[in-house]
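> One structure, pasted below without further comment.
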Amino acid sequence: MRTLVACLLACLASVTVLAKEAAPSALPDPLSLEQALALRRDLDPDLVRARAGLQAAEGEALSARALDGLQLNLDARLWAIRPAHRASDREHNDSRARLRARKRLYDFGYSEALRDAARKGREAGILGVREARQQQVLRIMRAFFDVILADLRFARDNEAMSVAFVSLDRARDRNRLGKLSDVDLLRIRNDYEKTRRRQVASAQAQRLARSRLAIAMGRPGELASELERPEIRVDGTPPVADFEAFWSRVQQQNPRLRRLAGALEAARARLAAARASESAVISAEVQASVYNRNTGATHPLGAGLVLEMPLYSGGRRQAAMADARARLEQARADLLEARQTLRQQALELWLTRARLRTDLEAVRVEGDYRELYLDRSRALYELEVKTDLGDAMVRTSQVRLEHARLLFDWAMNEARIKALTGTLLEDE
């Protein structure tokens with residue numbers, strides 16, 4: 001009995017160490033899934049990259065709008081000359097200042113194509129941020145569930161080690177009395193060491209799971225001590241009665257497909273802009289000038305239309321078009337690949353719902369059986385009848401672990417279905 005108590009105290013000490021390591025966290029205790037999602041920080045690398053892409057798209061949109069905006073320039077010079085011998089004004093100071101305003105009026109579709117490309121790129125950037133936020137939520141959910149599963153595995157392995165320790169202690173007593181051979185004693189000790197290794201690994205997995213949750217939340221080092229197990233209800237009604245109808249909904253609402261479709265449209269607009277990049281440009285210009293030396297060629301005010309017609313650029317237009325075509329084909333390939341990948345994912349998630357419902361019902365029945373079996377083993381133990389109480393406790397813990405795993409898989413499956421249709425964050 002003393003050895004059993006010592007074993008239990010050792011196991012309790014490992015749990016206490018884990019709790020102390022998590023103590024510096026400022027997170028709520030216990031931490032619920034809703035709190036974990038609400039307290040997440042925008043330090044997810046994919047989210048940061050998505051927002052950087054959106055900022056780049058917004059910068060492109062500003063540049064496209066500025067192309068045909070009003071341009072106001074001031075140029076001045078300090079200039080000394082030697083006047084021509086026939087000049088009437090013998091002033092040597094020929095300095096001047098000029099204020100010039102110009103606005104592009106028409107460029108045969110070039111600026112319009114750039115604005116269209118920028119608008120499509122910005123819309124794609126917004127969808128990219130939404131997709132990244134959804135993926136962050138999924139990672140937090142998965143990490144949160146993994147922490148609970150790690151705790152359940154530790155509880156199972158902890159019970160198994162306690163049972164194995166008691167078996168080893170009894171085997172040692174029987175070996176000293178000559179009722180058990182050395183070979184059988186080593187076999188029992190070997191089984192105990194294997195169980196102990198699993199228990200130590202489970203204790204370490206608890207810390208690792210909490211670290212992954214902290215990183216997923218954007219709070220590295222803030223380890224949650226206790227987690228509140230969420231209530232998960234299994235809905236037997238599929239989101240859409242037919243898979244093809246579900247897939248049609250995914251194609252219309254999925255953020256990744258919409259983002260890539262927008263990127264494809266932006267690539268088409270950039271190709272159109274490249275085609276029109278050497279078109280003529282008509283601008284309106286107004287200028288006011290101040291001269292230190294007045295001649296017949298100087299004038300204080302001027303206004304007019306300016307026509308700029310590129311004649312030869314050394315092949316820059318062809319190079320821009322080739323690059324735009326390559327980017328267009330890349331965008332088309334990305335969209336095709338994403339559509340194929342997401343269709344397979346949608347089908348897997350759709351079929352997983354039915355499998356998980358079946359698995360959950362089977363585990364529920366097994367759980368009822370294990371609970372009754374454990375009650376019987378406990379009653380026989382109290383009557384001092386030989387029983388397998390320890391083994392029954394371990395098997396019951398295993399069934400509880402399996403039931404929790406299936407429930408969490410169901411919750412993750414439902415969340416991924418919502419993410420596919422872009423509705424995971426609709427409540428925010």
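All residue names refer to the structure tokens as shown: chains lettered A, B, ... in order, residues numbered from 1 in each chain, ligands numbered from 1 in order.
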For A:Leu138, list every protein, DNA or RNA residue within 9 Å, evaluated using only C-alpha atoms, and leave out those in the same chain fewer than 5 positions away; present the list as a ChimeraX atom specification.
/A:133,143,412,415-416,419
> Could you pull out the helix (DSSP H, G or I) residues of stretch 102-282 of chain A from DSSP and send them as a CSV table (one decimal) with N, CA and C atoms, in the first residue's frame?

```
chain,number,residue,atom,x,y,z
A,110,TYR,N,-5.1,52.8,-70.9
A,110,TYR,CA,-4.0,52.3,-70.0
A,110,TYR,C,-4.3,52.5,-68.5
A,111,SER,N,-4.7,53.7,-68.1
A,111,SER,CA,-4.9,54.0,-66.7
A,111,SER,C,-6.2,53.3,-66.2
A,112,GLU,N,-7.2,53.1,-67.1
A,112,GLU,CA,-8.4,52.4,-66.7
A,112,GLU,C,-8.0,51.0,-66.4
A,113,ALA,N,-7.2,50.3,-67.2
A,113,ALA,CA,-6.8,49.0,-67.0
A,113,ALA,C,-6.0,48.8,-65.7
A,114,LEU,N,-5.2,49.8,-65.4
A,114,LEU,CA,-4.4,49.7,-64.2
A,114,LEU,C,-5.3,49.9,-63.0
A,115,ARG,N,-6.3,50.8,-63.0
A,115,ARG,CA,-7.2,50.9,-61.9
A,115,ARG,C,-8.1,49.6,-61.7
A,116,ASP,N,-8.5,49.0,-62.8
A,116,ASP,CA,-9.2,47.8,-62.7
A,116,ASP,C,-8.4,46.7,-62.1
A,117,ALA,N,-7.1,46.6,-62.5
A,117,ALA,CA,-6.2,45.6,-61.9
A,117,ALA,C,-6.0,45.8,-60.4
A,118,ALA,N,-5.9,47.1,-60.1
A,118,ALA,CA,-5.6,47.5,-58.6
A,118,ALA,C,-6.9,47.2,-57.8
A,119,ARG,N,-8.1,47.5,-58.4
A,119,ARG,CA,-9.3,47.2,-57.6
A,119,ARG,C,-9.5,45.7,-57.4
A,120,LYS,N,-9.3,44.9,-58.4
A,120,LYS,CA,-9.4,43.4,-58.3
A,120,LYS,C,-8.3,42.9,-57.3
A,121,GLY,N,-7.1,43.5,-57.4
A,121,GLY,CA,-6.1,43.0,-56.4
A,121,GLY,C,-6.4,43.4,-55.0
A,122,ARG,N,-7.0,44.5,-54.8
A,122,ARG,CA,-7.4,44.9,-53.4
A,122,ARG,C,-8.5,44.0,-52.9
A,123,GLU,N,-9.5,43.7,-53.7
A,123,GLU,CA,-10.5,42.7,-53.3
A,123,GLU,C,-9.9,41.4,-53.0
A,124,ALA,N,-9.0,40.9,-53.8
A,124,ALA,CA,-8.3,39.6,-53.5
A,124,ALA,C,-7.6,39.7,-52.2
A,125,GLY,N,-6.9,40.8,-51.9
A,125,GLY,CA,-6.2,41.0,-50.7
A,125,GLY,C,-7.1,40.9,-49.5
A,126,ILE,N,-8.3,41.5,-49.5
A,126,ILE,CA,-9.2,41.5,-48.4
A,126,ILE,C,-9.7,40.0,-48.2
A,127,LEU,N,-9.9,39.3,-49.3
A,127,LEU,CA,-10.3,37.9,-49.1
A,127,LEU,C,-9.1,37.0,-48.6
A,128,GLY,N,-7.9,37.4,-48.9
A,128,GLY,CA,-6.8,36.7,-48.4
A,128,GLY,C,-6.6,36.9,-46.9
A,129,VAL,N,-6.9,38.1,-46.4
A,129,VAL,CA,-6.9,38.3,-45.0
A,129,VAL,C,-8.0,37.5,-44.3
A,130,ARG,N,-9.2,37.5,-44.9
A,130,ARG,CA,-10.2,36.7,-44.3
A,130,ARG,C,-9.9,35.2,-44.2
A,131,GLU,N,-9.3,34.7,-45.3
A,131,GLU,CA,-8.9,33.3,-45.3
A,131,GLU,C,-7.8,33.0,-44.2
A,132,ALA,N,-6.9,33.9,-44.1
A,132,ALA,CA,-5.8,33.7,-43.1
A,132,ALA,C,-6.4,33.8,-41.7
A,133,ARG,N,-7.4,34.6,-41.4
A,133,ARG,CA,-8.0,34.7,-40.1
A,133,ARG,C,-8.8,33.4,-39.8
A,134,GLN,N,-9.4,32.9,-40.8
A,134,GLN,CA,-10.1,31.6,-40.6
A,134,GLN,C,-9.2,30.5,-40.3
A,135,GLN,N,-8.1,30.4,-41.0
A,135,GLN,CA,-7.1,29.4,-40.7
A,135,GLN,C,-6.5,29.5,-39.3
A,136,GLN,N,-6.3,30.8,-38.9
A,136,GLN,CA,-5.8,31.0,-37.5
A,136,GLN,C,-6.8,30.4,-36.5
A,137,VAL,N,-8.1,30.7,-36.7
A,137,VAL,CA,-9.1,30.1,-35.8
A,137,VAL,C,-9.1,28.6,-35.8
A,138,LEU,N,-8.9,28.0,-37.0
A,138,LEU,CA,-8.9,26.5,-37.0
A,138,LEU,C,-7.7,26.0,-36.3
A,139,ARG,N,-6.5,26.7,-36.4
A,139,ARG,CA,-5.3,26.2,-35.7
A,139,ARG,C,-5.5,26.4,-34.2
A,140,ILE,N,-6.2,27.4,-33.7
A,140,ILE,CA,-6.4,27.6,-32.3
A,140,ILE,C,-7.3,26.5,-31.8
A,141,MET,N,-8.4,26.2,-32.5
A,141,MET,CA,-9.3,25.2,-32.1
A,141,MET,C,-8.6,23.8,-32.0
A,142,ARG,N,-7.8,23.5,-33.0
A,142,ARG,CA,-7.1,22.2,-33.0
A,142,ARG,C,-6.1,22.2,-31.9
A,143,ALA,N,-5.4,23.2,-31.6
A,143,ALA,CA,-4.5,23.2,-30.5
A,143,ALA,C,-5.2,23.2,-29.2
A,144,PHE,N,-6.3,23.8,-29.0
A,144,PHE,CA,-7.1,23.8,-27.8
A,144,PHE,C,-7.6,22.4,-27.5
A,145,PHE,N,-8.1,21.7,-28.5
A,145,PHE,CA,-8.6,20.3,-28.3
A,145,PHE,C,-7.4,19.4,-28.0
A,146,ASP,N,-6.3,19.7,-28.6
A,146,ASP,CA,-5.1,18.8,-28.4
A,146,ASP,C,-4.6,18.9,-27.0
A,147,VAL,N,-4.8,20.0,-26.3
A,147,VAL,CA,-4.4,20.2,-24.9
A,147,VAL,C,-5.3,19.3,-24.1
A,148,ILE,N,-6.6,19.3,-24.3
A,148,ILE,CA,-7.5,18.5,-23.5
A,148,ILE,C,-7.2,17.0,-23.8
A,149,LEU,N,-7.0,16.6,-25.0
A,149,LEU,CA,-6.6,15.2,-25.3
A,149,LEU,C,-5.3,14.8,-24.6
A,150,ALA,N,-4.4,15.7,-24.6
A,150,ALA,CA,-3.1,15.4,-23.9
A,150,ALA,C,-3.3,15.2,-22.4
A,151,ASP,N,-4.2,16.0,-21.8
A,151,ASP,CA,-4.5,15.7,-20.4
A,151,ASP,C,-5.2,14.4,-20.2
A,152,LEU,N,-6.1,14.0,-21.1
A,152,LEU,CA,-6.8,12.8,-21.0
A,152,LEU,C,-5.9,11.6,-21.2
A,153,ARG,N,-4.9,11.7,-22.1
A,153,ARG,CA,-4.0,10.7,-22.3
A,153,ARG,C,-3.1,10.5,-21.1
A,154,PHE,N,-2.7,11.6,-20.5
A,154,PHE,CA,-1.9,11.6,-19.2
A,154,PHE,C,-2.7,10.8,-18.1
A,155,ALA,N,-4.0,11.2,-18.0
A,155,ALA,CA,-4.8,10.5,-17.0
A,155,ALA,C,-4.9,9.0,-17.2
A,156,ARG,N,-5.0,8.6,-18.5
A,156,ARG,CA,-5.1,7.2,-18.8
A,156,ARG,C,-3.7,6.5,-18.5
A,157,ASP,N,-2.7,7.1,-19.0
A,157,ASP,CA,-1.3,6.5,-18.8
A,157,ASP,C,-0.9,6.6,-17.3
A,158,ASN,N,-1.4,7.6,-16.6
A,158,ASN,CA,-1.2,7.6,-15.1
A,158,ASN,C,-1.8,6.5,-14.4
A,159,GLU,N,-3.1,6.2,-14.7
A,159,GLU,CA,-3.8,5.1,-14.1
A,159,GLU,C,-3.1,3.8,-14.5
A,160,ALA,N,-2.7,3.7,-15.8
A,160,ALA,CA,-2.0,2.4,-16.2
A,160,ALA,C,-0.7,2.2,-15.5
A,161,MET,N,0.0,3.3,-15.2
A,161,MET,CA,1.3,3.1,-14.5
A,161,MET,C,1.0,2.7,-13.0
A,162,SER,N,0.0,3.3,-12.4
A,162,SER,CA,-0.3,2.9,-11.1
A,162,SER,C,-0.7,1.4,-11.0
A,163,VAL,N,-1.4,0.9,-12.0
A,163,VAL,CA,-1.8,-0.5,-12.0
A,163,VAL,C,-0.5,-1.3,-12.2
A,164,ALA,N,0.3,-0.9,-13.1
A,164,ALA,CA,1.6,-1.6,-13.4
A,164,ALA,C,2.5,-1.6,-12.2
A,165,PHE,N,2.5,-0.5,-11.4
A,165,PHE,CA,3.4,-0.5,-10.3
A,165,PHE,C,2.9,-1.4,-9.2
A,166,VAL,N,1.6,-1.5,-9.0
A,166,VAL,CA,1.1,-2.4,-8.0
A,166,VAL,C,1.4,-3.8,-8.4
A,167,SER,N,1.2,-4.2,-9.7
A,167,SER,CA,1.5,-5.5,-10.2
A,167,SER,C,3.0,-5.8,-9.9
A,168,LEU,N,3.9,-4.9,-10.2
A,168,LEU,CA,5.3,-5.1,-10.0
A,168,LEU,C,5.6,-5.3,-8.5
A,169,ASP,N,5.0,-4.5,-7.7
A,169,ASP,CA,5.2,-4.6,-6.2
A,169,ASP,C,4.8,-6.0,-5.7
A,170,ARG,N,3.7,-6.5,-6.2
A,170,ARG,CA,3.2,-7.8,-5.8
A,170,ARG,C,4.1,-8.9,-6.3
A,171,ALA,N,4.5,-8.7,-7.5
A,171,ALA,CA,5.4,-9.7,-8.2
A,171,ALA,C,6.7,-9.8,-7.4
A,172,ARG,N,7.2,-8.7,-6.9
A,172,ARG,CA,8.5,-8.7,-6.1
A,172,ARG,C,8.3,-9.5,-4.8
A,173,ASP,N,7.1,-9.3,-4.1
A,173,ASP,CA,6.8,-10.0,-2.9
A,173,ASP,C,6.7,-11.5,-3.2
A,174,ARG,N,6.0,-11.9,-4.3
A,174,ARG,CA,5.9,-13.3,-4.6
A,174,ARG,C,7.3,-13.9,-5.0
A,175,ASN,N,8.1,-13.1,-5.6
A,175,ASN,CA,9.5,-13.6,-6.0
A,175,ASN,C,10.3,-13.9,-4.8
A,176,ARG,N,10.2,-13.0,-3.8
A,176,ARG,CA,10.9,-13.2,-2.5
A,176,ARG,C,10.5,-14.4,-1.8
A,182,ASP,N,12.3,-15.6,-11.5
A,182,ASP,CA,13.0,-14.4,-11.9
A,182,ASP,C,12.6,-14.0,-13.3
A,183,VAL,N,12.4,-14.9,-14.2
A,183,VAL,CA,12.0,-14.6,-15.6
A,183,VAL,C,10.7,-13.9,-15.6
A,184,ASP,N,9.7,-14.4,-14.9
A,184,ASP,CA,8.4,-13.8,-14.9
A,184,ASP,C,8.5,-12.4,-14.2
A,185,LEU,N,9.3,-12.3,-13.2
A,185,LEU,CA,9.5,-11.0,-12.5
A,185,LEU,C,10.1,-9.9,-13.5
A,186,LEU,N,11.1,-10.3,-14.3
A,186,LEU,CA,11.6,-9.4,-15.3
A,186,LEU,C,10.6,-9.1,-16.4
A,187,ARG,N,9.8,-10.0,-16.7
A,187,ARG,CA,8.7,-9.7,-17.7
A,187,ARG,C,7.8,-8.7,-17.2
A,188,ILE,N,7.4,-8.8,-15.9
A,188,ILE,CA,6.4,-7.8,-15.3
A,188,ILE,C,7.1,-6.5,-15.2
A,189,ARG,N,8.4,-6.5,-14.8
A,189,ARG,CA,9.1,-5.2,-14.7
A,189,ARG,C,9.3,-4.6,-16.0
A,190,ASN,N,9.5,-5.4,-17.1
A,190,ASN,CA,9.6,-4.8,-18.4
A,190,ASN,C,8.3,-4.1,-18.8
A,191,ASP,N,7.2,-4.8,-18.5
A,191,ASP,CA,5.9,-4.2,-18.8
A,191,ASP,C,5.7,-2.9,-18.1
A,192,TYR,N,6.2,-2.9,-16.8
A,192,TYR,CA,6.1,-1.6,-16.0
A,192,TYR,C,6.9,-0.5,-16.6
A,193,GLU,N,8.1,-0.8,-17.1
A,193,GLU,CA,9.0,0.2,-17.6
A,193,GLU,C,8.4,0.8,-18.9
A,194,LYS,N,7.7,-0.1,-19.7
A,194,LYS,CA,7.1,0.4,-20.9
A,194,LYS,C,5.9,1.4,-20.6
A,195,THR,N,5.2,1.0,-19.6
A,195,THR,CA,4.1,1.8,-19.1
A,195,THR,C,4.6,3.1,-18.6
A,196,ARG,N,5.7,3.1,-17.8
A,196,ARG,CA,6.2,4.3,-17.2
A,196,ARG,C,6.7,5.2,-18.3
A,197,ARG,N,7.3,4.7,-19.4
A,197,ARG,CA,7.8,5.5,-20.5
A,197,ARG,C,6.6,6.2,-21.1
A,198,ARG,N,5.5,5.5,-21.3
A,198,ARG,CA,4.4,6.2,-21.9
A,198,ARG,C,3.8,7.3,-21.0
A,199,GLN,N,3.9,7.1,-19.7
A,199,GLN,CA,3.4,8.1,-18.8
A,199,GLN,C,4.3,9.3,-18.8
A,200,VAL,N,5.6,9.1,-18.9
A,200,VAL,CA,6.5,10.3,-18.9
A,200,VAL,C,6.3,11.0,-20.3
A,201,ALA,N,6.1,10.3,-21.3
A,201,ALA,CA,5.9,10.9,-22.6
A,201,ALA,C,4.6,11.7,-22.6
A,202,SER,N,3.6,11.2,-22.0
A,202,SER,CA,2.3,11.9,-21.9
A,202,SER,C,2.4,13.2,-21.1
A,203,ALA,N,3.2,13.1,-20.0
A,203,ALA,CA,3.4,14.3,-19.2
A,203,ALA,C,4.1,15.4,-20.1
A,204,GLN,N,5.1,15.0,-20.9
A,204,GLN,CA,5.8,16.0,-21.7
A,204,GLN,C,4.9,16.5,-22.8
A,205,ALA,N,4.0,15.6,-23.3
A,205,ALA,CA,3.1,16.0,-24.4
A,205,ALA,C,2.1,17.1,-23.9
A,206,GLN,N,1.8,17.1,-22.6
A,206,GLN,CA,0.9,18.1,-22.0
A,206,GLN,C,1.6,19.5,-22.2
A,207,ARG,N,2.9,19.6,-21.9
A,207,ARG,CA,3.6,20.9,-22.0
A,207,ARG,C,3.7,21.3,-23.5
A,208,LEU,N,4.0,20.3,-24.3
A,208,LEU,CA,4.1,20.7,-25.7
A,208,LEU,C,2.8,21.1,-26.3
A,209,ALA,N,1.7,20.5,-26.0
A,209,ALA,CA,0.4,20.9,-26.5
A,209,ALA,C,0.1,22.3,-26.0
A,210,ARG,N,0.4,22.6,-24.8
A,210,ARG,CA,0.1,24.0,-24.3
A,210,ARG,C,0.9,25.0,-25.0
A,211,SER,N,2.2,24.7,-25.3
A,211,SER,CA,3.0,25.6,-26.0
A,211,SER,C,2.5,25.8,-27.4
A,212,ARG,N,2.0,24.8,-28.1
A,212,ARG,CA,1.4,24.9,-29.4
A,212,ARG,C,0.2,25.8,-29.4
A,213,LEU,N,-0.6,25.7,-28.4
A,213,LEU,CA,-1.8,26.5,-28.2
A,213,LEU,C,-1.4,28.0,-28.0
A,214,ALA,N,-0.4,28.2,-27.2
A,214,ALA,CA,0.1,29.6,-26.9
A,214,ALA,C,0.6,30.2,-28.2
A,215,ILE,N,1.3,29.5,-29.0
A,215,ILE,CA,1.8,30.0,-30.3
A,215,ILE,C,0.7,30.3,-31.3
A,216,ALA,N,-0.3,29.4,-31.3
A,216,ALA,CA,-1.4,29.6,-32.2
A,216,ALA,C,-2.2,30.8,-31.9
A,243,PHE,N,-24.2,16.6,-52.2
A,243,PHE,CA,-22.8,17.1,-52.2
A,243,PHE,C,-22.6,18.1,-53.3
A,244,GLU,N,-23.2,17.9,-54.5
A,244,GLU,CA,-23.0,18.8,-55.6
A,244,GLU,C,-23.5,20.2,-55.2
A,245,ALA,N,-24.6,20.2,-54.5
A,245,ALA,CA,-25.2,21.5,-54.1
A,245,ALA,C,-24.2,22.2,-53.1
A,246,PHE,N,-23.6,21.3,-52.2
A,246,PHE,CA,-22.7,21.9,-51.2
A,246,PHE,C,-21.4,22.4,-52.0
A,247,TRP,N,-21.0,21.6,-53.0
A,247,TRP,CA,-19.8,22.1,-53.7
A,247,TRP,C,-20.1,23.4,-54.5
A,248,SER,N,-21.3,23.5,-55.0
A,248,SER,CA,-21.6,24.7,-55.7
A,248,SER,C,-21.6,25.9,-54.7
A,249,ARG,N,-22.0,25.7,-53.5
A,249,ARG,CA,-22.0,26.7,-52.5
A,249,ARG,C,-20.5,27.1,-52.1
A,250,VAL,N,-19.7,26.1,-52.1
A,250,VAL,CA,-18.2,26.3,-51.8
A,250,VAL,C,-17.6,27.1,-52.9
A,251,GLN,N,-17.9,26.8,-54.2
A,251,GLN,CA,-17.3,27.5,-55.3
A,251,GLN,C,-17.7,29.0,-55.3
A,252,GLN,N,-18.9,29.3,-54.8
A,252,GLN,CA,-19.4,30.7,-54.8
A,252,GLN,C,-18.9,31.5,-53.6
A,253,GLN,N,-18.6,30.8,-52.4
A,253,GLN,CA,-18.4,31.5,-51.2
A,253,GLN,C,-17.0,31.3,-50.6
A,255,PRO,N,-13.4,31.7,-49.6
A,255,PRO,CA,-12.5,32.9,-49.7
A,255,PRO,C,-11.3,32.6,-50.6
A,256,ARG,N,-10.7,31.4,-50.6
A,256,ARG,CA,-9.5,31.2,-51.4
A,256,ARG,C,-9.9,31.2,-52.9
A,257,LEU,N,-11.0,30.5,-53.3
A,257,LEU,CA,-11.4,30.5,-54.7
A,257,LEU,C,-11.7,31.9,-55.2
A,258,ARG,N,-12.4,32.7,-54.3
A,258,ARG,CA,-12.8,34.0,-54.7
A,258,ARG,C,-11.5,34.9,-54.8
A,259,ARG,N,-10.6,34.7,-53.9
A,259,ARG,CA,-9.3,35.5,-53.9
A,259,ARG,C,-8.6,35.2,-55.2
A,260,LEU,N,-8.4,33.9,-55.6
A,260,LEU,CA,-7.7,33.5,-56.7
A,260,LEU,C,-8.4,33.9,-58.0
A,261,ALA,N,-9.8,33.9,-58.0
A,261,ALA,CA,-10.5,34.4,-59.2
A,261,ALA,C,-10.3,35.9,-59.3
A,262,GLY,N,-10.3,36.6,-58.2
A,262,GLY,CA,-10.0,38.0,-58.3
A,262,GLY,C,-8.5,38.3,-58.8
A,263,ALA,N,-7.6,37.5,-58.3
A,263,ALA,CA,-6.2,37.6,-58.8
A,263,ALA,C,-6.1,37.3,-60.3
A,264,LEU,N,-6.9,36.4,-60.8
A,264,LEU,CA,-7.0,36.1,-62.2
A,264,LEU,C,-7.5,37.3,-63.0
A,265,GLU,N,-8.6,37.9,-62.5
A,265,GLU,CA,-9.1,39.1,-63.2
A,265,GLU,C,-8.1,40.2,-63.2
A,266,ALA,N,-7.4,40.4,-62.0
A,266,ALA,CA,-6.4,41.4,-62.0
A,266,ALA,C,-5.3,41.2,-63.0
A,267,ALA,N,-4.9,39.9,-63.1
A,267,ALA,CA,-3.8,39.6,-64.1
A,267,ALA,C,-4.3,39.9,-65.5
A,268,ARG,N,-5.6,39.6,-65.8
A,268,ARG,CA,-6.1,40.0,-67.2
A,268,ARG,C,-6.0,41.5,-67.4
A,269,ALA,N,-6.4,42.3,-66.3
A,269,ALA,CA,-6.4,43.7,-66.4
A,269,ALA,C,-4.9,44.2,-66.6
A,270,ARG,N,-4.0,43.6,-65.9
A,270,ARG,CA,-2.6,44.0,-66.1
A,270,ARG,C,-2.1,43.7,-67.5
A,271,LEU,N,-2.5,42.6,-68.1
A,271,LEU,CA,-2.2,42.3,-69.5
A,271,LEU,C,-2.7,43.4,-70.4
A,272,ALA,N,-4.0,43.8,-70.2
A,272,ALA,CA,-4.5,44.9,-71.0
A,272,ALA,C,-3.8,46.2,-70.8
A,273,ALA,N,-3.3,46.5,-69.6
A,273,ALA,CA,-2.5,47.6,-69.3
A,273,ALA,C,-1.2,47.6,-70.0
A,274,ALA,N,-0.6,46.4,-70.1
A,274,ALA,CA,0.7,46.2,-70.8
A,274,ALA,C,0.5,46.5,-72.3
A,275,ARG,N,-0.6,46.0,-72.8
A,275,ARG,CA,-0.9,46.3,-74.3
A,275,ARG,C,-1.0,47.8,-74.6
```
> Could you name the residues that touch A:Arg104 at 9 Å or less, counting only C-alpha atoms, but leaving out those on the same chain fewer than 2 positions away, as number ranges by chain?
A: 67-71, 102, 106-107, 281-285
> Next, write the just-selected residues to a file, as a short mmCIF file (atom, residue, chain, number, x, y, z; two decimals), in the first residue's frame, keeping C-alpha atoms as the atom set.

```
data_model
loop_
_atom_site.label_atom_id
_atom_site.label_comp_id
_atom_site.auth_asym_id
_atom_site.auth_seq_id
_atom_site.Cartn_x
_atom_site.Cartn_y
_atom_site.Cartn_z
CA LEU A 67 -1.77 58.30 -62.63
CA ASP A 68 -4.51 60.55 -64.03
CA GLY A 69 -4.68 62.85 -61.03
CA LEU A 70 -3.62 66.47 -60.98
CA GLN A 71 0.17 66.96 -60.99
CA ARG A 102 -0.88 68.92 -65.62
CA TYR A 106 -6.99 60.31 -72.07
CA ASP A 107 -4.52 57.47 -72.57
CA VAL A 281 -1.40 60.33 -73.91
CA ILE A 282 -3.41 63.53 -74.07
CA SER A 283 -2.98 65.91 -71.13
CA ALA A 284 -4.09 69.42 -70.21
CA GLU A 285 -1.39 71.74 -68.92
#
```
> Quick check, in Å to one decimal: how far apart do atom CA of A:Leu78 and atom CA of A:Ser95 lie?
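Those two atoms sit 4.5 Å apart.
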